[in-house]
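Trainee: Data file target.csv (CSV, C-alpha atoms) is appended below.
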chain,number,residue,atom,x,y,z
A,1,MET,CA,-29.5,15.7,2.7
A,2,VAL,CA,-26.1,14.3,2.2
A,3,LYS,CA,-27.6,10.9,1.3
A,4,LEU,CA,-29.7,12.6,-1.4
A,5,THR,CA,-26.7,14.3,-3.0
A,6,GLN,CA,-24.8,11.1,-2.9
A,7,ARG,CA,-27.6,9.2,-4.6
A,8,LEU,CA,-28.0,12.0,-7.1
A,9,GLY,CA,-24.3,12.0,-7.8
A,10,GLY,CA,-24.4,8.2,-8.4
A,11,LEU,CA,-27.3,8.5,-10.8
A,12,VAL,CA,-25.6,11.3,-12.7
A,13,LEU,CA,-22.4,9.2,-13.0
A,14,ARG,CA,-24.2,6.2,-14.2
A,15,PHE,CA,-26.2,8.1,-16.8
A,16,ALA,CA,-23.0,9.7,-18.0
A,17,ALA,CA,-21.3,6.3,-18.3
A,18,PHE,CA,-24.4,5.0,-20.2
A,19,CYS,CA,-24.1,7.9,-22.6
A,20,ALA,CA,-20.4,7.4,-23.1
A,21,ALA,CA,-20.7,3.6,-23.7
A,22,LEU,CA,-23.6,4.2,-26.1
A,23,GLY,CA,-21.6,6.9,-28.0
A,24,ALA,CA,-18.7,4.5,-28.4
A,25,VAL,CA,-20.9,1.8,-29.9
A,26,ILE,CA,-22.6,4.2,-32.3
A,27,ALA,CA,-19.4,5.8,-33.4
A,28,MET,CA,-17.8,2.5,-34.1
A,29,ILE,CA,-20.8,1.0,-35.9
A,30,THR,CA,-21.2,4.0,-38.2
A,31,SER,CA,-17.6,4.0,-39.3
A,32,ARG,CA,-17.4,2.8,-42.8
A,33,GLU,CA,-15.3,4.2,-45.6
A,34,ARG,CA,-14.6,3.2,-49.1
A,35,SER,CA,-11.4,4.3,-50.7
A,36,SER,CA,-10.6,3.6,-54.3
A,37,PHE,CA,-7.1,3.0,-55.4
A,38,PHE,CA,-7.1,2.9,-59.2
A,39,VAL,CA,-9.2,-0.2,-59.8
A,40,LEU,CA,-8.8,-1.6,-56.4
A,41,SER,CA,-11.3,-0.4,-53.9
A,42,LEU,CA,-10.9,-1.0,-50.2
A,43,VAL,CA,-13.9,-0.9,-47.9
A,44,ALA,CA,-13.0,-0.4,-44.3
A,45,LYS,CA,-15.6,-1.5,-41.8
A,46,TYR,CA,-15.3,-2.1,-38.1
A,47,SER,CA,-16.3,-5.8,-38.5
A,48,ASP,CA,-13.1,-6.6,-40.4
A,49,LEU,CA,-11.2,-6.7,-37.2
A,50,ALA,CA,-12.2,-9.1,-34.3
A,51,ALA,CA,-11.0,-6.7,-31.6
A,52,PHE,CA,-13.4,-4.0,-32.8
A,53,LYS,CA,-16.3,-6.4,-32.8
A,54,TYR,CA,-15.5,-7.3,-29.2
A,55,PHE,CA,-15.3,-3.6,-28.4
A,56,VAL,CA,-18.8,-3.0,-29.8
A,57,ILE,CA,-20.3,-6.0,-28.1
A,58,ALA,CA,-18.7,-5.2,-24.7
A,59,ASN,CA,-19.8,-1.6,-24.8
A,60,ALA,CA,-23.3,-2.5,-25.8
A,61,ILE,CA,-23.5,-4.9,-22.8
A,62,VAL,CA,-22.2,-2.1,-20.6
A,63,SER,CA,-24.7,0.5,-21.8
A,64,VAL,CA,-27.7,-1.9,-21.4
A,65,TYR,CA,-26.5,-2.8,-17.9
A,66,SER,CA,-26.1,0.9,-16.8
A,67,PHE,CA,-29.5,1.7,-18.2
A,68,LEU,CA,-31.1,-1.1,-16.1
A,69,VAL,CA,-29.2,-0.1,-12.9
A,70,LEU,CA,-30.4,3.4,-13.3
A,71,PHE,CA,-33.8,2.3,-12.2
A,72,LEU,CA,-32.8,0.3,-9.1
A,73,PRO,CA,-34.5,1.6,-6.0
A,74,LYS,CA,-32.4,2.8,-3.2
A,75,GLU,CA,-33.1,0.3,-0.5
A,76,SER,CA,-33.1,-2.8,-2.7
A,77,LEU,CA,-31.0,-5.7,-1.5
A,78,LEU,CA,-29.5,-6.1,-5.0
A,79,TRP,CA,-26.9,-3.4,-4.3
A,80,LYS,CA,-24.5,-6.0,-3.0
A,81,PHE,CA,-24.9,-7.8,-6.3
A,82,VAL,CA,-24.4,-4.5,-8.1
A,83,VAL,CA,-20.9,-4.3,-6.6
A,84,VAL,CA,-19.9,-7.6,-8.1
A,85,LEU,CA,-21.5,-6.7,-11.4
A,86,ASP,CA,-19.8,-3.3,-11.5
A,87,LEU,CA,-16.4,-5.0,-11.0
A,88,MET,CA,-17.1,-7.4,-13.8
A,89,VAL,CA,-18.3,-4.6,-16.1
A,90,THR,CA,-15.2,-2.6,-15.3
A,91,MET,CA,-13.0,-5.5,-16.3
A,92,LEU,CA,-15.0,-6.0,-19.5
A,93,LEU,CA,-14.6,-2.4,-20.4
A,94,THR,CA,-10.8,-2.4,-19.7
A,95,SER,CA,-10.2,-5.5,-21.7
A,96,SER,CA,-12.2,-4.4,-24.7
A,97,LEU,CA,-10.7,-1.0,-24.7
A,98,SER,CA,-7.2,-2.4,-24.4
A,99,ALA,CA,-7.7,-4.9,-27.2
A,100,ALA,CA,-9.2,-2.3,-29.5
A,101,VAL,CA,-6.4,0.2,-28.8
A,102,ALA,CA,-3.7,-2.5,-29.4
A,103,VAL,CA,-5.2,-3.4,-32.8
A,104,ALA,CA,-5.8,0.2,-33.8
A,105,GLN,CA,-2.2,1.0,-33.0
A,106,VAL,CA,-1.1,-1.7,-35.4
A,107,GLY,CA,-3.5,-0.2,-38.0
A,108,LYS,CA,-2.1,3.2,-37.6
A,109,ARG,CA,1.6,2.5,-37.4
A,110,GLY,CA,1.9,-0.9,-39.0
A,111,ASN,CA,4.4,-3.4,-37.9
A,112,ALA,CA,7.6,-3.1,-39.9
A,113,ASN,CA,9.0,-6.4,-38.6
A,114,ALA,CA,6.0,-8.4,-39.7
A,115,GLY,CA,5.6,-6.6,-43.0
A,116,TRP,CA,2.3,-5.1,-42.1
A,117,LEU,CA,1.6,-1.7,-43.7
A,118,PRO,CA,-0.5,0.9,-41.9
A,119,ILE,CA,-4.0,1.4,-43.3
A,120,CYS,CA,-4.8,4.8,-41.9
A,121,GLY,CA,-3.2,6.6,-44.8
A,122,GLN,CA,-5.8,5.2,-47.2
A,123,VAL,CA,-8.9,5.6,-45.0
A,124,PRO,CA,-8.3,8.6,-42.8
A,125,ARG,CA,-11.9,9.3,-41.9
A,126,PHE,CA,-12.4,5.7,-40.7
A,127,CYS,CA,-9.4,6.0,-38.5
A,128,ASP,CA,-10.6,9.3,-37.0
A,129,GLN,CA,-14.0,7.8,-36.2
A,130,ILE,CA,-12.4,4.8,-34.6
A,131,THR,CA,-10.2,7.1,-32.5
A,132,GLY,CA,-13.4,8.9,-31.4
A,133,ALA,CA,-15.0,5.7,-30.4
A,134,LEU,CA,-12.0,4.6,-28.4
A,135,ILE,CA,-11.9,7.9,-26.5
A,136,ALA,CA,-15.6,7.5,-25.6
A,137,GLY,CA,-14.8,4.0,-24.4
A,138,LEU,CA,-12.0,5.5,-22.2
A,139,VAL,CA,-14.4,8.0,-20.7
A,140,ALA,CA,-16.9,5.2,-19.9
A,141,LEU,CA,-14.1,3.3,-18.3
A,142,VAL,CA,-13.0,6.2,-16.0
A,143,LEU,CA,-16.6,6.8,-15.0
A,144,TYR,CA,-17.1,3.2,-14.2
A,145,VAL,CA,-14.0,3.1,-12.0
A,146,PHE,CA,-15.6,6.0,-10.0
A,147,LEU,CA,-18.9,4.1,-9.9
A,148,LEU,CA,-17.2,1.0,-8.6
A,149,ILE,CA,-15.7,2.9,-5.7
A,150,PHE,CA,-19.1,4.5,-5.2
A,151,SER,CA,-21.0,1.3,-5.1
A,152,ILE,CA,-18.6,-0.2,-2.6
A,153,HIS,CA,-19.1,2.8,-0.4
A,154,HIS,CA,-22.8,2.4,-0.8
A,155,VAL,CA,-22.7,-1.2,0.5
A,156,VAL,CA,-19.9,-1.1,3.1
A,157,ASP,CA,-20.7,0.6,6.3
A,158,PRO,CA,-19.0,4.0,6.3
A,159,PHE,CA,-18.0,3.5,9.9
A,160,LEU,CA,-15.4,1.1,8.6
A,161,LEU,CA,-13.2,3.9,7.6
A,162,ARG,CA,-13.1,5.5,11.0
A,163,LYS,CA,-12.2,2.4,12.9
A,164,SER,CA,-8.7,2.4,14.1
B,1,MET,CA,4.2,-17.2,16.5
B,2,ALA,CA,2.4,-18.3,13.4
B,3,GLY,CA,-0.2,-15.9,12.4
B,4,GLY,CA,-2.4,-18.5,10.9
B,5,LYS,CA,-3.9,-19.9,14.0
B,6,THR,CA,-5.2,-16.7,15.7
B,7,VAL,CA,-8.5,-15.3,14.6
B,8,VAL,CA,-7.6,-12.3,12.4
B,9,ALA,CA,-10.0,-9.6,11.2
B,10,GLY,CA,-12.0,-10.6,8.2
B,11,GLY,CA,-13.3,-13.6,10.0
B,12,ASN,CA,-12.0,-17.1,10.4
B,13,THR,CA,-8.7,-18.7,9.4
B,14,LYS,CA,-10.3,-20.4,6.5
B,15,SER,CA,-10.6,-17.3,4.4
B,16,TRP,CA,-7.0,-16.4,5.3
B,17,LYS,CA,-5.7,-19.7,4.1
B,18,LEU,CA,-7.9,-19.5,1.0
B,19,LEU,CA,-6.6,-16.1,0.2
B,20,LEU,CA,-3.0,-17.1,0.7
B,21,GLY,CA,-3.3,-20.2,-1.5
B,22,LEU,CA,-5.0,-18.2,-4.3
B,23,ARG,CA,-2.4,-15.5,-4.1
B,24,ILE,CA,0.4,-18.0,-4.4
B,25,PHE,CA,-1.1,-19.5,-7.5
B,26,ALA,CA,-1.8,-16.1,-9.0
B,27,PHE,CA,1.7,-15.1,-8.4
B,28,MET,CA,3.1,-18.2,-10.1
B,29,ALA,CA,0.7,-17.8,-13.1
B,30,THR,CA,1.5,-14.2,-13.8
B,31,LEU,CA,5.2,-14.7,-13.2
B,32,ALA,CA,5.2,-17.7,-15.6
B,33,ALA,CA,3.4,-15.6,-18.2
B,34,ALA,CA,5.9,-12.7,-17.9
B,35,ILE,CA,8.9,-14.9,-18.1
B,36,VAL,CA,7.8,-17.1,-21.0
B,37,MET,CA,6.9,-14.0,-23.1
B,38,ALA,CA,10.0,-12.1,-22.1
B,39,LEU,CA,12.2,-15.0,-23.3
B,40,ASN,CA,10.2,-15.4,-26.5
B,41,LYS,CA,12.6,-15.1,-29.5
B,42,GLU,CA,13.1,-17.0,-32.7
B,43,THR,CA,15.7,-16.5,-35.4
B,44,LYS,CA,15.3,-18.0,-38.8
B,45,THR,CA,17.3,-17.8,-42.0
B,46,LEU,CA,15.0,-17.6,-45.0
B,47,VAL,CA,15.7,-17.5,-48.6
B,48,VAL,CA,14.4,-14.2,-49.9
B,49,ALA,CA,15.4,-14.3,-53.6
B,50,THR,CA,17.4,-16.2,-56.0
B,51,ILE,CA,19.8,-14.6,-58.5
B,52,GLY,CA,20.8,-17.2,-61.0
B,53,THR,CA,21.8,-20.1,-58.8
B,54,VAL,CA,22.8,-18.1,-55.8
B,55,PRO,CA,20.1,-17.9,-53.2
B,56,ILE,CA,20.1,-14.8,-51.1
B,57,LYS,CA,19.4,-15.5,-47.5
B,58,ALA,CA,18.1,-13.1,-44.9
B,59,THR,CA,18.1,-13.6,-41.2
B,60,LEU,CA,14.9,-12.6,-39.6
B,61,THR,CA,14.2,-12.5,-35.9
B,62,ALA,CA,10.9,-12.6,-34.2
B,63,LYS,CA,11.1,-10.9,-30.7
B,64,PHE,CA,8.4,-9.9,-28.3
B,65,GLN,CA,9.7,-6.3,-28.4
B,66,HIS,CA,8.5,-5.9,-31.9
B,67,THR,CA,4.9,-5.7,-30.8
B,68,PRO,CA,3.9,-3.0,-28.3
B,69,ALA,CA,1.0,-5.1,-27.0
B,70,PHE,CA,3.4,-7.9,-26.0
B,71,VAL,CA,5.7,-5.3,-24.2
B,72,PHE,CA,2.6,-4.1,-22.3
B,73,PHE,CA,1.8,-7.8,-21.5
B,74,VAL,CA,5.2,-8.4,-20.0
B,75,ILE,CA,5.2,-5.2,-18.0
B,76,ALA,CA,1.7,-5.7,-16.6
B,77,ASN,CA,2.3,-9.3,-15.6
B,78,VAL,CA,5.6,-8.3,-13.9
B,79,MET,CA,3.7,-5.7,-12.0
B,80,ALA,CA,0.9,-8.0,-11.0
B,81,SER,CA,3.2,-10.7,-9.8
B,82,PHE,CA,5.1,-8.1,-7.8
B,83,HIS,CA,1.9,-7.0,-6.2
B,84,ASN,CA,1.0,-10.6,-5.3
B,85,LEU,CA,4.4,-11.2,-3.8
B,86,LEU,CA,4.0,-8.1,-1.7
B,87,MET,CA,0.6,-9.1,-0.5
B,88,ILE,CA,1.8,-12.6,0.3
B,89,ALA,CA,4.6,-11.2,2.4
B,90,LEU,CA,2.2,-8.8,4.1
B,91,GLN,CA,-0.2,-11.6,4.9
B,92,ILE,CA,2.4,-13.9,6.3
B,93,PHE,CA,4.5,-11.5,8.3
B,94,SER,CA,2.0,-9.1,9.8
B,95,PRO,CA,-1.5,-10.5,10.3
B,96,LYS,CA,-2.2,-8.2,13.2
B,97,LEU,CA,-2.4,-5.1,11.0
B,98,GLU,CA,-5.6,-6.4,9.4
B,99,HIS,CA,-7.8,-5.0,12.1
B,100,LYS,CA,-7.6,-1.5,10.7
B,101,GLY,CA,-10.4,-0.6,8.3
B,102,LEU,CA,-8.4,1.4,5.8
B,103,HIS,CA,-5.9,-1.5,5.5
B,104,VAL,CA,-8.5,-4.0,4.4
B,105,LEU,CA,-10.1,-1.5,2.1
B,106,SER,CA,-6.9,-0.6,0.3
B,107,ILE,CA,-6.0,-4.3,-0.1
B,108,ALA,CA,-9.3,-4.9,-1.8
B,109,ILE,CA,-9.0,-1.9,-4.1
B,110,LEU,CA,-5.4,-2.8,-5.0
B,111,ASP,CA,-6.5,-6.3,-5.8
B,112,MET,CA,-9.2,-5.1,-8.1
B,113,LEU,CA,-6.9,-2.7,-9.9
B,114,ASN,CA,-4.3,-5.4,-10.5
B,115,ALA,CA,-7.0,-7.9,-11.7
B,116,THR,CA,-8.1,-5.3,-14.2
B,117,LEU,CA,-4.6,-4.6,-15.3
B,118,VAL,CA,-3.8,-8.3,-16.0
B,119,SER,CA,-7.1,-8.7,-17.8
B,120,ALA,CA,-6.4,-5.7,-20.0
B,121,ALA,CA,-2.9,-7.0,-20.8
B,122,ALA,CA,-4.0,-10.5,-21.6
B,123,ASN,CA,-6.8,-9.4,-23.9
B,124,ALA,CA,-4.7,-6.9,-25.9
B,125,ALA,CA,-2.0,-9.6,-26.4
B,126,VAL,CA,-4.5,-12.2,-27.4
B,127,PHE,CA,-6.1,-10.1,-30.1
B,128,VAL,CA,-2.8,-9.0,-31.6
B,129,ALA,CA,-1.6,-12.6,-31.5
B,130,GLU,CA,-4.8,-13.7,-33.3
B,131,LEU,CA,-3.9,-11.1,-36.0
B,132,GLY,CA,-0.4,-12.7,-36.3
B,133,LYS,CA,-1.8,-16.2,-36.5
B,134,ASN,CA,-4.6,-15.7,-39.0
B,135,GLY,CA,-3.6,-12.5,-40.7
B,136,ASN,CA,-6.2,-10.1,-42.0
B,137,LYS,CA,-7.1,-10.2,-45.7
B,138,HIS,CA,-9.0,-6.9,-45.5
B,139,ALA,CA,-6.0,-5.0,-44.4
B,140,LYS,CA,-3.6,-7.2,-46.4
B,141,TRP,CA,-1.6,-8.3,-43.3
B,142,ASN,CA,0.1,-11.6,-43.8
B,143,LYS,CA,0.2,-14.2,-41.1
B,144,VAL,CA,3.4,-14.7,-39.2
B,145,CYS,CA,2.9,-18.0,-37.5
B,146,ASP,CA,3.5,-20.2,-40.5
B,147,ARG,CA,7.1,-19.2,-40.6
B,148,PHE,CA,7.8,-18.7,-36.9
B,149,ALA,CA,6.0,-21.6,-35.3
B,150,THR,CA,8.1,-21.9,-32.1
B,151,TYR,CA,7.6,-18.2,-31.4
B,152,CYS,CA,3.8,-18.6,-31.8
B,153,ASP,CA,3.7,-21.7,-29.6
B,154,HIS,CA,5.6,-20.0,-26.8
B,155,GLY,CA,3.5,-16.9,-27.0
B,156,ALA,CA,0.4,-19.1,-26.8
B,157,GLY,CA,1.7,-20.7,-23.7
B,158,ALA,CA,2.4,-17.4,-22.1
B,159,LEU,CA,-1.2,-16.2,-23.0
B,160,ILE,CA,-2.7,-19.3,-21.4
B,161,ALA,CA,-0.8,-18.7,-18.2
B,162,ALA,CA,-1.9,-15.1,-18.2
B,163,PHE,CA,-5.5,-16.1,-18.6
B,164,ALA,CA,-5.2,-18.5,-15.7
B,165,GLY,CA,-3.7,-15.5,-13.8
B,166,VAL,CA,-6.7,-13.4,-14.7
B,167,ILE,CA,-9.2,-15.9,-13.3
B,168,LEU,CA,-7.1,-16.3,-10.2
B,169,MET,CA,-6.8,-12.6,-9.7
B,170,ILE,CA,-10.6,-12.2,-10.0
B,171,LEU,CA,-11.0,-14.9,-7.3
B,172,VAL,CA,-8.5,-13.1,-5.1
B,173,SER,CA,-10.3,-9.8,-5.5
B,174,GLY,CA,-13.6,-11.5,-4.8
B,175,VAL,CA,-12.2,-13.0,-1.5
B,176,SER,CA,-10.7,-9.6,-0.6
B,177,ILE,CA,-14.0,-7.8,-1.1
B,178,SER,CA,-15.9,-10.4,0.9
B,179,ARG,CA,-13.4,-10.0,3.7
B,180,LEU,CA,-14.0,-6.2,3.5
B,181,LEU,CA,-17.7,-6.7,3.8
B,182,PHE,CA,-17.4,-9.2,6.7
B,183,ASN,CA,-15.0,-6.8,8.4
B,184,SER,CA,-17.4,-4.0,8.2
B,185,ASN,CA,-20.3,-6.0,9.5
B,186,LYS,CA,-18.2,-7.2,12.4
B,187,PHE,CA,-17.2,-3.7,13.5
B,188,SER,CA,-20.5,-1.9,13.1
B,189,THR,CA,-23.0,-1.9,15.9
B,190,THR,CA,-26.0,-1.6,13.5
B,191,LYS,CA,-26.3,-4.2,10.8
B,192,ALA,CA,-27.9,-1.7,8.4
B,193,PRO,CA,-26.0,-0.9,5.2
B,194,ALA,CA,-25.0,2.6,4.3
B,195,THR,CA,-28.5,3.4,3.0
B,196,GLU,CA,-30.1,3.8,6.3
B,197,THR,CA,-33.1,6.0,6.4
B,198,ASP,CA,-32.8,9.6,7.2
B,199,VAL,CA,-34.1,10.4,10.7
B,200,PRO,CA,-36.5,13.3,10.3
Mind turning the file's structure into C-alpha cells?
Mentor:
Amino acid sequence: MVKLTQRLGGLVLRFAAFCAALGAVIAMITSRERSSFFVLSLVAKYSDLAAFKYFVIANAIVSVYSFLVLFLPKESLLWKFVVVLDLMVTMLLTSSLSAAVAVAQVGKRGNANAGWLPICGQVPRFCDQITGALIAGLVALVLYVFLLIFSIHHVVDPFLLRKS
Amino acid sequence: MAGGKTVVAGGNTKSWKLLLGLRIFAFMATLAAAIVMALNKETKTLVVATIGTVPIKATLTAKFQHTPAFVFFVIANVMASFHNLLMIALQIFSPKLEHKGLHVLSIAILDMLNATLVSAAANAAVFVAELGKNGNKHAKWNKVCDRFATYCDHGAGALIAAFAGVILMILVSGVSISRLLFNSNKFSTTKAPATETDVP
C-alpha cells in the first residue's frame, strides 16, 4: 500500500509541475500591451527580449516532457533514464527562470549606470503578467526539485539509506 | 597511506580518479570565472557636451556591481568553487568514509544543487550581457559595449569560463550519481530496483 501512495504522490507532483509549466508558457505568450505616448506607441510583447523567448521555449519543453512521463508504466526500465532527464530538465528550468528574472529586473528598475530607463511604468499590465508567468515558473521549478529527489529514490534501492 | 590505491566504495579506483580530475577542473573553471568578473572594471573619460570651445568631460566607470545579475554570477561561482574545494579535500583525505550510504547520497545531491546554481548564474549573466552588447530597440536601451570594449571582453571571458564550469559540474554530478547507483547495487542483496512487486 505504501508503494501505491508513493506512486500516486509522484503522479500528482508531475501533473502539478505540468500544469505550472504550461501556465507559465500561456501567461507569457498572452502578455501583449500597447501603450500610446502622444504620437509614439509602444507595443510590448514577450518576444522583444531574448530571455523571455528562452523562458517560453524551456517551459514548453518541460511541459511536454512531464506530460509524456505521466504515462510511463511503473516497472519500465526507462526510470533510470528518467533520473538523468529530470536532472537536465531541472537545470533547464533553473537557467531559464534565472535569465528571465534577471532581464525582468532590468525592465522594472532600469539600470541608472547604463542609462536604461525602466519600462514597467508605461506598460504595467504587461509587467504584471510577466511577473505571474515567472511565479508559475518558480512553482514548476520547486516541484521538479522534489520530483528529482523522488525519481532518485525510485531507482536507488531504499536499503542504501540504512546501511551504516 | 594514499587512498587512491585501495578499493573504495562506489567501485574501482578509475571512477575515483575521474571524479577527482573533473572536480579539479571544475574548481579551476568556476574560480577563474569568479575572479575575472570580480576584477572587471573600466574607467573612461568621455566628452559629454561642448560649451563654446570648452569640452565638458565626465568620467564614467563600468563595474560589475552595477548589474545585479553579475553580482549573483560572482557569488554563485565563488560558492561553487568552494564546494568543489571541499569535495576535493574530502575525497583526498578521507576515502574510507565513502562506505556509508548517506554520505554518497548527500555528495550526489550537493553536486546536483551546485551544478544547477552555476548554470542559473551563467545563464542570467549571459542574457544581461547580451542586452548590454546589442541593446534593445524596443525598450530603447542603448548598447554599452561600443564604449567600454575592455569591460565587455573581460566579461565575455568570465562567461566562457563559467560555461566550461557548468559542463564540468554536470559531468561531476553524473559521475556522483553513477557512483551512488553502483554503491546501492553493491550493498543490496536483491538486484531489484525500488519498484519490487508487492507480496500479496
Trainee: Report, in Å with one decimal, the straight-line distance from CA of Cys19 in chain A to CA of Phe81 in chain A.
Mentor: 22.6 Å
Trainee: Extract, using all atoms listed in the file, all DNA, RNA and protein residues at most 12 Å from Trp79 in chain A, discarding same-chain residues fewer than 5 positions from it, and format them as an MDAnalysis selection string.
Mentor: (chainID A and resid 69:74 84:86 148 150:156) or (chainID B and resid 193:195)
Trainee: Which one is closest to Ser178 in chain B: A:Ala133, A:Ala27, A:Val103, A:Val83? Count only C-alpha atoms.
Mentor: A:Val83
Trainee: Find the residues of chain A in contact range of chain B, meaning any atom within 8 Å when counting all atoms listed in the file, and list them as a PyMOL selection string.
Mentor: chain A and resi 3+42+44+48-51+74-75+87+90-91+94-103+111+113-117+119+153-164
Trainee: For each of A:Tyr54, A:Phe18, A:Tyr144, A:Tyr46, take the minimum atom-to-atom distance to Arg32 in chain A, counting all atoms listed in the file, then give the residue where this is smallest.
Mentor: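 The closest residue to Arg32 in chain A is A:Tyr46.
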Trainee: Give me, as a PyMOL selection string, all polymer residues having an atom no more than 9 Å from Gly157 in chain B, counting all atoms listed in the file and skipping those fewer than 4 positions away in the same chain.
Mentor: chain B and resi 33+36-37+152-153+161-162
Trainee: Take the point (-13.9, -18.7, 0.5) in the file's coordinates, draw a sphere of radius 12 Å around it, and report as a PDB file with C-alpha atoms, keeping the file's coordinate frame every protein, DNA or RNA residue with an atom inside or on it, counting only C-alpha atoms.
Mentor:
ATOM      1  CA  GLY B  10     -12.000 -10.600   8.200  1.00  0.00           C
ATOM      2  CA  GLY B  11     -13.300 -13.600  10.000  1.00  0.00           C
ATOM      3  CA  ASN B  12     -12.000 -17.100  10.400  1.00  0.00           C
ATOM      4  CA  THR B  13      -8.700 -18.700   9.400  1.00  0.00           C
ATOM      5  CA  LYS B  14     -10.300 -20.400   6.500  1.00  0.00           C
ATOM      6  CA  SER B  15     -10.600 -17.300   4.400  1.00  0.00           C
ATOM      7  CA  TRP B  16      -7.000 -16.400   5.300  1.00  0.00           C
ATOM      8  CA  LYS B  17      -5.700 -19.700   4.100  1.00  0.00           C
ATOM      9  CA  LEU B  18      -7.900 -19.500   1.000  1.00  0.00           C
ATOM     10  CA  LEU B  19      -6.600 -16.100   0.200  1.00  0.00           C
ATOM     11  CA  LEU B  20      -3.000 -17.100   0.700  1.00  0.00           C
ATOM     12  CA  GLY B  21      -3.300 -20.200  -1.500  1.00  0.00           C
ATOM     13  CA  LEU B  22      -5.000 -18.200  -4.300  1.00  0.00           C
ATOM     14  CA  LEU B 171     -11.000 -14.900  -7.300  1.00  0.00           C
ATOM     15  CA  VAL B 172      -8.500 -13.100  -5.100  1.00  0.00           C
ATOM     16  CA  SER B 173     -10.300  -9.800  -5.500  1.00  0.00           C
ATOM     17  CA  GLY B 174     -13.600 -11.500  -4.800  1.00  0.00           C
ATOM     18  CA  VAL B 175     -12.200 -13.000  -1.500  1.00  0.00           C
ATOM     19  CA  SER B 176     -10.700  -9.600  -0.600  1.00  0.00           C
ATOM     20  CA  ILE B 177     -14.000  -7.800  -1.100  1.00  0.00           C
ATOM     21  CA  SER B 178     -15.900 -10.400   0.900  1.00  0.00           C
ATOM     22  CA  ARG B 179     -13.400 -10.000   3.700  1.00  0.00           C
ATOM     23  CA  PHE B 182     -17.400  -9.200   6.700  1.00  0.00           C
TER      24      PHE B 182
END
Trainee: Which neighbours of Ala21 in chain A fall inside 6 Å, counting only C-alpha atoms, when residues of the same chain fewer than 4 positions from it are skipped, and could you give them as a list in words?
Mentor: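 So the residues in contact are Asn59, Ser63, Gly137 and Ala140 of chain A.
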Trainee: Need the shell around Pro118 in chain A: protein/DNA/RNA residues with any atom at most 7 Å away, counting only C-alpha atoms. Skip same-chain ones fewer than 5 positions apart. Format as a list in words?
Mentor: Gly107, Lys108, Arg109 and Gly110 of chain A
Trainee: Would you pick out the contacts of Ala136 in chain A at 9 Å or less, using all atoms listed in the file, so that residues sharing its chain but fewer than 4 positions from it are not included, and give the list as a PyMOL selection string?
Mentor: chain A and resi 20-25+27+131-132+140-141
Trainee: CA of Gly165 in chain B and CA of Ala29 in chain B, how far apart in Å?
Mentor: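 The value is 5.0 Å.
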Trainee: Just to confirm, what's the straight-line distance from CA of Ile24 in chain B to CA of Ser106 in chain B in Å (one decimal)?
Mentor: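 Atom-to-atom, CA of Ile24 in chain B and CA of Ser106 in chain B are spaced 19.4 Å apart.
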Trainee: For Ala26 in chain B, which residue out of B:Phe93, B:Phe64, B:Phe148, B:Phe82 is the nearest one, using only C-alpha atoms?
Mentor: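 Selected residue with least distance to Ala26 in chain B: B:Phe82.
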Trainee: Reconstruct range 17-26 of chain A at the level of N, CA, C and O atoms, and format the result as an mmCIF file, keeping the file's coordinate frame.
Mentor:
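The result, written out as part16.cif:
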data_model
loop_
_atom_site.group_PDB
_atom_site.id
_atom_site.type_symbol
_atom_site.label_atom_id
_atom_site.label_comp_id
_atom_site.auth_asym_id
_atom_site.auth_seq_id
_atom_site.Cartn_x
_atom_site.Cartn_y
_atom_site.Cartn_z
ATOM 1 N N ALA A 17 -22.017 7.463 -17.795
ATOM 2 C CA ALA A 17 -21.300 6.300 -18.300
ATOM 3 C C ALA A 17 -22.171 5.580 -19.357
ATOM 4 O O ALA A 17 -21.643 5.078 -20.362
ATOM 5 N N PHE A 18 -23.500 5.574 -19.160
ATOM 6 C CA PHE A 18 -24.400 5.000 -20.200
ATOM 7 C C PHE A 18 -24.255 5.738 -21.488
ATOM 8 O O PHE A 18 -24.143 5.134 -22.558
ATOM 9 N N CYS A 19 -24.230 7.080 -21.421
ATOM 10 C CA CYS A 19 -24.100 7.900 -22.600
ATOM 11 C C CYS A 19 -22.763 7.624 -23.325
ATOM 12 O O CYS A 19 -22.685 7.505 -24.558
ATOM 13 N N ALA A 20 -21.711 7.539 -22.525
ATOM 14 C CA ALA A 20 -20.400 7.400 -23.100
ATOM 15 C C ALA A 20 -20.286 5.993 -23.799
ATOM 16 O O ALA A 20 -19.772 5.886 -24.926
ATOM 17 N N ALA A 21 -20.789 4.940 -23.141
ATOM 18 C CA ALA A 21 -20.700 3.600 -23.700
ATOM 19 C C ALA A 21 -21.556 3.554 -25.016
ATOM 20 O O ALA A 21 -21.140 2.992 -26.043
ATOM 21 N N LEU A 22 -22.742 4.149 -24.959
ATOM 22 C CA LEU A 22 -23.600 4.200 -26.100
ATOM 23 C C LEU A 22 -22.954 4.931 -27.284
ATOM 24 O O LEU A 22 -23.010 4.544 -28.447
ATOM 25 N N GLY A 23 -22.311 6.065 -26.943
ATOM 26 C CA GLY A 23 -21.600 6.900 -28.000
ATOM 27 C C GLY A 23 -20.499 6.067 -28.609
ATOM 28 O O GLY A 23 -20.301 6.140 -29.835
ATOM 29 N N ALA A 24 -19.774 5.296 -27.805
ATOM 30 C CA ALA A 24 -18.700 4.500 -28.400
ATOM 31 C C ALA A 24 -19.233 3.458 -29.340
ATOM 32 O O ALA A 24 -18.682 3.256 -30.428
ATOM 33 N N VAL A 25 -20.345 2.822 -28.968
ATOM 34 C CA VAL A 25 -20.900 1.800 -29.900
ATOM 35 C C VAL A 25 -21.368 2.441 -31.165
ATOM 36 O O VAL A 25 -21.075 1.938 -32.259
ATOM 37 N N ILE A 26 -22.069 3.564 -31.067
ATOM 38 C CA ILE A 26 -22.600 4.200 -32.300
ATOM 39 C C ILE A 26 -21.475 4.694 -33.172
ATOM 40 O O ILE A 26 -21.504 4.511 -34.400
#
